[in-house]
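Reading through the structure tokens given below for one structure.
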There are 2 protein chains.
Amino acid sequence: MNRRTCLAGVVATIFGSVQLTAARGADDPLPSWNDTDAKTSIIAFVEKVTAKDGPDYVPPAERIAVFDNDGTLWAEQPAYFQLLFALDRVREMAPQHPEWKTTEPFKSALAGDMQGLMATGMEGLAKILSASHADISAEEFAAAAGDWLATAKHPTTGMRYAEMVYQPMLELLAYLRANEFKTFIVSGGGIDFLRVFAEQTYGIPPEQVVGSSIAAKYEMRNGVPTIVKQAEGLFVDDKEGKPVGIYRHIGRRPIFAAGNSDGDFQMLQYTTIPRAEGDNSPRLGLIVHHTDAGREFAYDRDSHIGKLDRGLTEAKPRGWVVIDMKQDWKTIFPKRD
Amino acid sequence: MNRRTCLAGVVATIFGSVQLTAARGADDPLPSWNDTDAKTSIIAFVEKVTAKDGPDYVPPAERIAVFDNDGTLWAEQPAYFQLLFALDRVREMAPQHPEWKTTEPFKSALAGDMQGLMATGMEGLAKILSASHADISAEEFAAAAGDWLATAKHPTTGMRYAEMVYQPMLELLAYLRANEFKTFIVSGGGIDFLRVFAEQTYGIPPEQVVGSSIAAKYEMRNGVPTIVKQAEGLFVDDKEGKPVGIYRHIGRRPIFAAGNSDGDFQMLQYTTIPRAEGDNSPRLGLIVHHTDAGREFAYDRDSHIGKLDRGLTEAKPRGWVVIDMKQDWKTIFPKRD
């Protein structure tokens, strides 16, 4: 058993309850969803594309479903979890980098001064991500991310991050797979970070994870084949990058897409807009709208994280289903045994 | 039905016989293989990793098998088929580019002067590939490649290119899948070119094809979401690039790899070398050795295409199985009904 498998085991042990919960409810495929339009639309779509003799039948090989991650499958407030991981990692690495105490963006990051950090802009953020994600072997990175996920706790809920996944979305993933859909993550988050927990948490294997990435290099290190992450060649799998990521990784247009922010707008376009006149093939776009300040968070048009503005305005004319978390979901996070 | 689906249908009709042939022989999973060491090694490996209570059991999710394409799944002489496609495409586009008549590498390409073309080196080749593969939408490219595959014929055999696949390898792919392996192509060839025929010809869906690629851009063209291939951002999925492509696309180390040239050396290393001391997890590396000048082609250490030198020298000490096409394969190409 290698270290990665071992970590996956740890994550599995901690979050095993999540999967178990998702498997319940044999009669109702979406037991954590209220009987509102959102649920009805999803079930109608799945029944339509799987009806063998129906006009909208889609063969299994073409049942590609793509899901954003941050804000769609798990929470993203008060900041993307991967950024919190990067900051923790910078803190951990600081003793080896005494110069960070006096150089931005590290100075602000180490002082926990989020405003100061934000003031360093995208360039500062890039330096934090580079310091925490590059010049490290793929296995070392996976180990670091796995350790963090197994131990770190969310600043306001006190939950572990991989517990802050949405129970209704776990059910949706399982329901689609039970109907021979192939489920993919297509996230602005880093592909290597996602792969550490996607299989155990969502049942999505590494080869079905699409995300942002940096270049990598292959080399032999002490006789062991090693992949080393490089501080260059950034591909941003967000906005216009999502259809490109889908095209490059999946090579087939999805028939189902779920997102929650304007970063998912192009993915929803790419999935749902007919390619040619007369193309009436069935397609479904979903937007998770964060409306539940009591049970989770409420934010949309003016949010710094997960801003949903254009998508909210255009969802109706485009036929995308908007999920109102407060109204449509019975539960938000999985119950722990 | 969109144009791409339609083309897939055409390819399916033409090469349907290939799939049928692969499905025969229920008792012997590899009927086109002679009963030599190569076959024995493959079957022993598959039985070992699928034996539920055995010490070498590998769960299905980790049964990742990667295959090179050129020279491993289909032929590659007298030149990579994709290069022949590029040259045909340049010829087709020439009327719109009168300047090509007097500019290299196009001048040599149009004159069919392969020596002149080779003299333009990698730079000339890059120009041919760029002219024939970039500044075109993904769908237009797939249509062009599909048309070519459906009509063009190999210069010496007169066969269509997708008929020049190796029947024993089709059986091997099917055998692995029947044993819950997930089969991937990991090729130096272009990912978009491969995806046009991989599903119909090999049963490998687009999302399981890894190949060389160029950058792509997403844009709306007359209201239709469009991916446009760019003449930049080349990723070469060959040699050191293969482990990087596997890592990026699959995110999991294969347990089985098959190649035929030194371009596959690093992929075979990455697949078969233990990561840590005491790691005895089962792994299999295969090299297809082209030894059959009568039924196919014979070449290895000195070949311009598909050079196999280091791999041939190191196969034995590394425990890789060398397939001798002449001795080990009963048939080379699928019989046509």
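How things are named: the first chain in the structure tokens is A, the next is B, and so on; residues count from 1 in each chain; ligands count from 1 in the order shown.
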
At most 9 Å to chain B: residues in chain A, only C-alpha atoms, as a PyMOL selection string: chain A and resi 1-2+61+138+191-192+195+205-210+213+215-219+223-227+240-244+247-252+266+269-271+273-276+279+281

Limited to N, CA and C atoms, could you put the picked residues into a file as a tab-separated table (two decimals), in the first residue's frame?
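Result saved to part12.tsv:
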chain	number	residue	atom	x	y	z
A	1	MET	N	0.85	-1.21	0.00
A	1	MET	CA	0.00	0.00	0.00
A	1	MET	C	0.88	1.25	0.00
A	2	ASN	N	0.74	2.08	-1.00
A	2	ASN	CA	1.55	3.29	-1.01
A	2	ASN	C	0.89	4.38	-0.16
A	61	ALA	N	-23.02	5.87	-23.22
A	61	ALA	CA	-21.69	6.45	-23.48
A	61	ALA	C	-21.75	7.97	-23.58
A	138	ALA	N	4.36	14.96	-6.99
A	138	ALA	CA	2.91	14.74	-6.96
A	138	ALA	C	2.52	13.97	-5.71
A	191	ILE	N	-6.54	20.41	-9.82
A	191	ILE	CA	-6.87	19.02	-10.13
A	191	ILE	C	-6.24	18.05	-9.12
A	192	ASP	N	-5.03	18.35	-8.68
A	192	ASP	CA	-4.36	17.43	-7.75
A	192	ASP	C	-4.97	17.48	-6.36
A	195	ARG	N	-8.33	15.56	-6.49
A	195	ARG	CA	-8.20	14.11	-6.62
A	195	ARG	C	-7.89	13.41	-5.31
A	205	PRO	N	-13.71	8.98	-9.58
A	205	PRO	CA	-12.31	8.55	-9.63
A	205	PRO	C	-11.43	9.65	-10.23
A	206	PRO	N	-10.12	9.59	-9.96
A	206	PRO	CA	-9.20	10.65	-10.41
A	206	PRO	C	-9.31	10.97	-11.89
A	207	GLU	N	-9.52	9.93	-12.72
A	207	GLU	CA	-9.55	10.17	-14.16
A	207	GLU	C	-10.80	10.93	-14.59
A	208	GLN	N	-11.75	11.13	-13.67
A	208	GLN	CA	-12.94	11.90	-14.00
A	208	GLN	C	-12.95	13.26	-13.27
A	209	VAL	N	-11.78	13.70	-12.90
A	209	VAL	CA	-11.63	15.02	-12.27
A	209	VAL	C	-10.90	15.95	-13.23
A	210	VAL	N	-11.54	17.06	-13.56
A	210	VAL	CA	-10.93	18.09	-14.39
A	210	VAL	C	-10.79	19.33	-13.52
A	213	SER	N	-4.59	23.46	-13.39
A	213	SER	CA	-3.35	22.68	-13.26
A	213	SER	C	-2.14	23.54	-13.56
A	215	ALA	N	2.15	22.97	-14.86
A	215	ALA	CA	2.95	22.01	-15.61
A	215	ALA	C	3.57	20.98	-14.66
A	216	ALA	N	3.97	19.87	-15.22
A	216	ALA	CA	4.61	18.82	-14.43
A	216	ALA	C	5.77	18.26	-15.24
A	217	LYS	N	6.73	17.70	-14.53
A	217	LYS	CA	7.92	17.17	-15.17
A	217	LYS	C	8.14	15.75	-14.67
A	218	TYR	N	8.59	14.88	-15.56
A	218	TYR	CA	8.89	13.50	-15.17
A	218	TYR	C	10.38	13.35	-14.98
A	219	GLU	N	10.79	12.76	-13.88
A	219	GLU	CA	12.21	12.48	-13.69
A	219	GLU	C	12.40	11.27	-12.78
A	223	GLY	N	16.18	6.40	-8.54
A	223	GLY	CA	15.65	5.20	-9.17
A	223	GLY	C	14.14	5.06	-9.13
A	224	VAL	N	13.46	6.07	-8.64
A	224	VAL	CA	12.00	6.01	-8.56
A	224	VAL	C	11.38	7.02	-9.54
A	225	PRO	N	10.46	6.55	-10.42
A	225	PRO	CA	9.82	7.48	-11.35
A	225	PRO	C	8.99	8.50	-10.56
A	226	THR	N	9.25	9.77	-10.83
A	226	THR	CA	8.65	10.83	-10.03
A	226	THR	C	8.09	11.94	-10.91
A	227	ILE	N	6.91	12.41	-10.56
A	227	ILE	CA	6.31	13.57	-11.23
A	227	ILE	C	6.51	14.77	-10.31
A	240	GLU	N	-14.30	30.71	-19.30
A	240	GLU	CA	-14.06	30.15	-20.65
A	240	GLU	C	-13.16	28.91	-20.57
A	241	GLY	N	-12.42	28.77	-19.49
A	241	GLY	CA	-11.53	27.62	-19.33
A	241	GLY	C	-12.30	26.32	-19.12
A	242	LYS	N	-13.53	26.39	-18.60
A	242	LYS	CA	-14.25	25.13	-18.32
A	242	LYS	C	-14.62	24.35	-19.59
A	243	PRO	N	-15.21	25.03	-20.60
A	243	PRO	CA	-15.44	24.25	-21.83
A	243	PRO	C	-14.14	23.71	-22.43
A	244	VAL	N	-13.07	24.48	-22.31
A	244	VAL	CA	-11.78	24.01	-22.83
A	244	VAL	C	-11.31	22.79	-22.04
A	247	TYR	N	-13.46	19.83	-23.08
A	247	TYR	CA	-13.07	19.39	-24.42
A	247	TYR	C	-11.76	18.61	-24.37
A	248	ARG	N	-10.80	19.16	-23.64
A	248	ARG	CA	-9.49	18.52	-23.59
A	248	ARG	C	-9.52	17.20	-22.83
A	249	HIS	N	-10.25	17.18	-21.73
A	249	HIS	CA	-10.19	16.01	-20.86
A	249	HIS	C	-11.23	14.95	-21.21
A	250	ILE	N	-12.43	15.41	-21.51
A	250	ILE	CA	-13.53	14.47	-21.75
A	250	ILE	C	-13.71	14.23	-23.26
A	251	GLY	N	-13.57	15.28	-24.04
A	251	GLY	CA	-13.65	15.13	-25.49
A	251	GLY	C	-15.05	14.89	-26.01
A	252	ARG	N	-16.01	15.17	-25.16
A	252	ARG	CA	-17.41	14.92	-25.55
A	252	ARG	C	-18.24	15.96	-24.81
A	266	GLN	N	-20.04	29.60	-18.69
A	266	GLN	CA	-19.65	29.06	-20.01
A	266	GLN	C	-19.83	27.54	-20.08
A	269	GLN	N	-23.46	27.11	-20.73
A	269	GLN	CA	-23.70	27.43	-22.14
A	269	GLN	C	-23.30	26.25	-23.02
A	270	TYR	N	-22.06	25.83	-22.83
A	270	TYR	CA	-21.47	24.78	-23.67
A	270	TYR	C	-22.31	23.50	-23.60
A	271	THR	N	-22.84	23.23	-22.42
A	271	THR	CA	-23.62	22.01	-22.22
A	271	THR	C	-25.02	22.11	-22.82
A	273	ILE	N	-26.63	24.80	-24.91
A	273	ILE	CA	-27.02	25.49	-26.15
A	273	ILE	C	-26.91	24.54	-27.34
A	274	PRO	N	-27.98	24.42	-28.14
A	274	PRO	CA	-27.93	23.53	-29.31
A	274	PRO	C	-26.81	23.95	-30.26
A	275	ARG	N	-26.18	22.97	-30.87
A	275	ARG	CA	-25.08	23.25	-31.79
A	275	ARG	C	-25.56	23.67	-33.16
A	276	ALA	N	-26.74	23.19	-33.53
A	276	ALA	CA	-27.23	23.47	-34.87
A	276	ALA	C	-28.74	23.64	-34.81
A	279	ASP	N	-31.54	20.96	-33.53
A	279	ASP	CA	-30.98	20.07	-32.49
A	279	ASP	C	-31.81	20.23	-31.22
A	281	SER	N	-31.81	17.86	-28.81
A	281	SER	CA	-31.37	16.83	-27.88
A	281	SER	C	-31.48	17.34	-26.45

If you count only C-alpha atoms, which residues fall within 12 Å of Ala258 in chain B, apart from same-chain ones fewer than 4 positions away, as JSON, numbers by chain? {"B": [42, 64, 65, 66, 67, 68, 69, 70, 71, 72, 73, 169, 172, 173, 183, 184, 185, 186, 187, 254, 262, 263, 264, 265, 266, 267, 268, 269, 270, 271, 272, 283, 284, 285, 286, 287, 288, 289, 311, 320, 321, 322, 323]}

Straight-line distance linking CA of Phe333 in chain B with CA of Glu163 in chain B, stated in Å to one decimal: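 Those two atoms sit 7.1 Å apart.
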
Show which residues sit within 7 Å of Thr291 in chain B, as a PyMOL selection string. Count only C-alpha atoms, and ignore same-chain residues fewer than 4 positions away. chain B and resi 297-299+324-326

Write the selection just made, keeping all heavy atoms, as a JSON list (two decimals), in the first residue's frame?
[["chain", "number", "residue", "atom", "x", "y", "z"],
["B", 297, "PHE", "N", 5.53, -5.22, -41.03],
["B", 297, "PHE", "CA", 6.81, -4.58, -41.29],
["B", 297, "PHE", "C", 7.80, -5.10, -40.25],
["B", 297, "PHE", "O", 7.40, -5.55, -39.19],
["B", 297, "PHE", "CB", 6.69, -3.05, -41.17],
["B", 297, "PHE", "CG", 5.61, -2.44, -42.02],
["B", 297, "PHE", "CD1", 4.35, -2.16, -41.49],
["B", 297, "PHE", "CD2", 5.85, -2.17, -43.37],
["B", 297, "PHE", "CE1", 3.36, -1.60, -42.28],
["B", 297, "PHE", "CE2", 4.86, -1.61, -44.16],
["B", 297, "PHE", "CZ", 3.60, -1.32, -43.62],
["B", 298, "ALA", "N", 9.07, -5.03, -40.57],
["B", 298, "ALA", "CA", 10.10, -5.43, -39.59],
["B", 298, "ALA", "C", 11.05, -4.26, -39.39],
["B", 298, "ALA", "O", 11.62, -3.74, -40.34],
["B", 298, "ALA", "CB", 10.85, -6.66, -40.07],
["B", 299, "TYR", "N", 11.15, -3.83, -38.14],
["B", 299, "TYR", "CA", 12.05, -2.69, -37.85],
["B", 299, "TYR", "C", 12.25, -2.62, -36.35],
["B", 299, "TYR", "O", 11.42, -3.06, -35.57],
["B", 299, "TYR", "CB", 11.45, -1.37, -38.37],
["B", 299, "TYR", "CG", 10.07, -1.06, -37.83],
["B", 299, "TYR", "CD1", 9.89, -0.19, -36.74],
["B", 299, "TYR", "CD2", 8.92, -1.61, -38.40],
["B", 299, "TYR", "CE1", 8.62, 0.11, -36.25],
["B", 299, "TYR", "CE2", 7.65, -1.33, -37.93],
["B", 299, "TYR", "CZ", 7.51, -0.46, -36.84],
["B", 299, "TYR", "OH", 6.25, -0.19, -36.36],
["B", 324, "ASP", "N", 6.89, -10.90, -29.97],
["B", 324, "ASP", "CA", 7.48, -11.10, -31.30],
["B", 324, "ASP", "C", 6.32, -11.32, -32.27],
["B", 324, "ASP", "O", 5.70, -12.39, -32.29],
["B", 324, "ASP", "CB", 8.40, -12.34, -31.22],
["B", 324, "ASP", "CG", 9.08, -12.63, -32.54],
["B", 324, "ASP", "OD1", 8.46, -12.42, -33.61],
["B", 324, "ASP", "OD2", 10.25, -13.07, -32.50],
["B", 325, "MET", "N", 6.00, -10.30, -33.05],
["B", 325, "MET", "CA", 4.80, -10.37, -33.89],
["B", 325, "MET", "C", 4.76, -11.63, -34.77],
["B", 325, "MET", "O", 3.72, -12.24, -34.95],
["B", 325, "MET", "CB", 4.68, -9.12, -34.77],
["B", 325, "MET", "CG", 4.25, -7.89, -34.00],
["B", 325, "MET", "SD", 4.21, -6.35, -34.99],
["B", 325, "MET", "CE", 2.73, -6.56, -35.95],
["B", 326, "LYS", "N", 5.91, -11.99, -35.29],
["B", 326, "LYS", "CA", 5.96, -13.13, -36.20],
["B", 326, "LYS", "C", 5.66, -14.44, -35.47],
["B", 326, "LYS", "O", 4.90, -15.27, -35.95],
["B", 326, "LYS", "CB", 7.35, -13.19, -36.85],
["B", 326, "LYS", "CG", 7.41, -14.10, -38.05],
["B", 326, "LYS", "CD", 8.71, -13.91, -38.82],
["B", 326, "LYS", "CE", 8.73, -14.79, -40.06],
["B", 326, "LYS", "NZ", 9.96, -14.54, -40.82]]

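The gap separating CA of Phe85 in chain A from CA of Ala152 in chain A is 8.4 Å, in Å to one decimal.
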
Gln77 in chain A environment, 9 Å, only C-alpha atoms, sequence neighbours closer than 2 positions dropped, as a list in words: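 Those residues are Gly71, Ala75, Ala79, Tyr80, Phe81, Phe297, Ile305 and Gly306 of chain A.
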
Any idea what's packed within 7 Å of Ser132 in chain B, counting only C-alpha atoms, ignoring anything in its chain fewer than 4 positions away? Could you give it as an MDAnalysis selection string? chainID B and resid 86 89:90 128

May I have the selected residues written with N, CA and C atoms, as a PDB file, in the first residue's frame?
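What landed in selection-v6.pdb:
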ATOM      1  N   ALA B  86      -2.112  14.816 -42.412  1.00  0.00           N
ATOM      2  CA  ALA B  86      -1.727  16.234 -42.455  1.00  0.00           C
ATOM      3  C   ALA B  86      -1.297  16.626 -43.866  1.00  0.00           C
ATOM      4  N   ARG B  89      -4.212  16.857 -46.103  1.00  0.00           N
ATOM      5  CA  ARG B  89      -4.982  18.058 -45.778  1.00  0.00           C
ATOM      6  C   ARG B  89      -4.315  19.315 -46.344  1.00  0.00           C
ATOM      7  N   VAL B  90      -3.006  19.355 -46.283  1.00  0.00           N
ATOM      8  CA  VAL B  90      -2.266  20.482 -46.867  1.00  0.00           C
ATOM      9  C   VAL B  90      -2.532  20.534 -48.379  1.00  0.00           C
ATOM     10  N   ILE B 128       3.679  22.117 -40.984  1.00  0.00           N
ATOM     11  CA  ILE B 128       2.688  21.259 -41.650  1.00  0.00           C
ATOM     12  C   ILE B 128       1.570  20.908 -40.666  1.00  0.00           C
TER      13      ILE B 128
END

If you run DSSP on this backbone, which residues of range 167-316 of chain A come out as strand (DSSP E), and could you give them as a VMD selection string? chain A and resid 182 to 190 209 to 212 216 to 221 224 to 229 256 to 259 284 to 291 298 to 299

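Picture a line from CA of Lys39 in chain B to CA of Gln327 in chain B; it runs 11.2 Å.
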
Quick one: pick out all alpha helix (DSSP H) residues within range 110-297 of chain B from a backbone DSSP run and write them as number ranges by chain. B: 110-111, 114-119, 121-133, 138-151, 167-178, 191-202, 241-249, 265-272

Mind checking which residues fall within 12 Å of Thr103 in chain A, counting only C-alpha atoms, ignoring those fewer than 6 positions away in the same chain, and posting them as a PDB file with all heavy atoms, in the first residue's frame?
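Saved the output as out-v2.pdb:
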ATOM      1  N   ALA A  94       6.958  28.111   6.771  1.00  0.00           N
ATOM      2  CA  ALA A  94       7.595  29.395   7.103  1.00  0.00           C
ATOM      3  C   ALA A  94       8.963  29.269   7.781  1.00  0.00           C
ATOM      4  O   ALA A  94       9.883  30.029   7.460  1.00  0.00           O
ATOM      5  CB  ALA A  94       6.643  30.244   7.942  1.00  0.00           C
ATOM      6  N   HIS A  97      11.711  29.463   5.542  1.00  0.00           N
ATOM      7  CA  HIS A  97      11.756  30.667   4.702  1.00  0.00           C
ATOM      8  C   HIS A  97      11.695  31.927   5.562  1.00  0.00           C
ATOM      9  O   HIS A  97      10.694  32.650   5.541  1.00  0.00           O
ATOM     10  CB  HIS A  97      10.586  30.669   3.705  1.00  0.00           C
ATOM     11  CG  HIS A  97      10.590  29.512   2.766  1.00  0.00           C
ATOM     12  ND1 HIS A  97      11.221  29.553   1.535  1.00  0.00           N
ATOM     13  CD2 HIS A  97      10.065  28.270   2.873  1.00  0.00           C
ATOM     14  CE1 HIS A  97      11.078  28.378   0.927  1.00  0.00           C
ATOM     15  NE2 HIS A  97      10.371  27.584   1.714  1.00  0.00           N
ATOM     16  N   ALA A 109       0.103  36.888   4.965  1.00  0.00           N
ATOM     17  CA  ALA A 109      -0.428  35.531   5.116  1.00  0.00           C
ATOM     18  C   ALA A 109      -0.058  34.965   6.476  1.00  0.00           C
ATOM     19  O   ALA A 109      -0.899  34.391   7.180  1.00  0.00           O
ATOM     20  CB  ALA A 109       0.099  34.633   4.002  1.00  0.00           C
ATOM     21  N   LEU A 110       1.194  35.140   6.869  1.00  0.00           N
ATOM     22  CA  LEU A 110       1.659  34.583   8.141  1.00  0.00           C
ATOM     23  C   LEU A 110       1.046  35.318   9.330  1.00  0.00           C
ATOM     24  O   LEU A 110       0.809  34.721  10.382  1.00  0.00           O
ATOM     25  CB  LEU A 110       3.189  34.636   8.219  1.00  0.00           C
ATOM     26  CG  LEU A 110       3.909  33.735   7.200  1.00  0.00           C
ATOM     27  CD1 LEU A 110       5.418  33.962   7.248  1.00  0.00           C
ATOM     28  CD2 LEU A 110       3.564  32.265   7.447  1.00  0.00           C
ATOM     29  N   ALA A 111       0.749  36.620   9.132  1.00  0.00           N
ATOM     30  CA  ALA A 111       0.139  37.395  10.210  1.00  0.00           C
ATOM     31  C   ALA A 111      -1.365  37.166  10.285  1.00  0.00           C
ATOM     32  O   ALA A 111      -2.044  37.692  11.172  1.00  0.00           O
ATOM     33  CB  ALA A 111       0.437  38.877  10.006  1.00  0.00           C
ATOM     34  N   GLY A 116      -4.666  42.529   4.178  1.00  0.00           N
ATOM     35  CA  GLY A 116      -3.336  42.792   3.624  1.00  0.00           C
ATOM     36  C   GLY A 116      -3.026  41.830   2.489  1.00  0.00           C
ATOM     37  O   GLY A 116      -2.478  42.213   1.451  1.00  0.00           O
ATOM     38  N   LEU A 117      -3.427  40.562   2.671  1.00  0.00           N
ATOM     39  CA  LEU A 117      -3.193  39.553   1.647  1.00  0.00           C
ATOM     40  C   LEU A 117      -3.969  39.888   0.371  1.00  0.00           C
ATOM     41  O   LEU A 117      -3.428  39.838  -0.732  1.00  0.00           O
ATOM     42  CB  LEU A 117      -3.614  38.177   2.183  1.00  0.00           C
ATOM     43  CG  LEU A 117      -3.451  37.008   1.214  1.00  0.00           C
ATOM     44  CD1 LEU A 117      -1.993  36.821   0.819  1.00  0.00           C
ATOM     45  CD2 LEU A 117      -3.988  35.721   1.828  1.00  0.00           C
ATOM     46  N   THR A 120      -2.551  42.365  -1.966  1.00  0.00           N
ATOM     47  CA  THR A 120      -1.451  41.980  -2.861  1.00  0.00           C
ATOM     48  C   THR A 120      -1.987  41.467  -4.205  1.00  0.00           C
ATOM     49  O   THR A 120      -1.210  41.190  -5.119  1.00  0.00           O
ATOM     50  CB  THR A 120      -0.549  40.883  -2.233  1.00  0.00           C
ATOM     51  OG1 THR A 120      -1.313  39.674  -2.105  1.00  0.00           O
ATOM     52  CG2 THR A 120      -0.043  41.306  -0.858  1.00  0.00           C
ATOM     53  N   GLY A 124      -0.121  38.370  -5.701  1.00  0.00           N
ATOM     54  CA  GLY A 124       0.187  37.859  -4.373  1.00  0.00           C
ATOM     55  C   GLY A 124      -0.372  36.463  -4.182  1.00  0.00           C
ATOM     56  O   GLY A 124       0.302  35.547  -3.689  1.00  0.00           O
ATOM     57  N   LYS A 127       1.595  33.865  -5.842  1.00  0.00           N
ATOM     58  CA  LYS A 127       2.815  33.514  -5.108  1.00  0.00           C
ATOM     59  C   LYS A 127       2.527  32.536  -3.968  1.00  0.00           C
ATOM     60  O   LYS A 127       3.302  31.619  -3.710  1.00  0.00           O
ATOM     61  CB  LYS A 127       3.477  34.784  -4.543  1.00  0.00           C
ATOM     62  CG  LYS A 127       4.270  35.537  -5.598  1.00  0.00           C
ATOM     63  CD  LYS A 127       4.999  36.722  -4.994  1.00  0.00           C
ATOM     64  CE  LYS A 127       5.615  37.583  -6.097  1.00  0.00           C
ATOM     65  NZ  LYS A 127       5.998  38.914  -5.599  1.00  0.00           N
ATOM     66  N   ILE A 128       1.397  32.755  -3.304  1.00  0.00           N
ATOM     67  CA  ILE A 128       0.993  31.837  -2.223  1.00  0.00           C
ATOM     68  C   ILE A 128       0.740  30.438  -2.796  1.00  0.00           C
ATOM     69  O   ILE A 128       1.193  29.421  -2.245  1.00  0.00           O
ATOM     70  CB  ILE A 128      -0.300  32.349  -1.531  1.00  0.00           C
ATOM     71  CG1 ILE A 128      -0.049  33.683  -0.815  1.00  0.00           C
ATOM     72  CG2 ILE A 128      -0.873  31.299  -0.576  1.00  0.00           C
ATOM     73  CD1 ILE A 128       0.762  33.595   0.448  1.00  0.00           C
TER      74      ILE A 128
END

Counting only C-alpha atoms, closest pick from A:Pro98, A:Gly112, A:Ala231, A:Met122 relative to Ser137 in chain A is A:Ala231
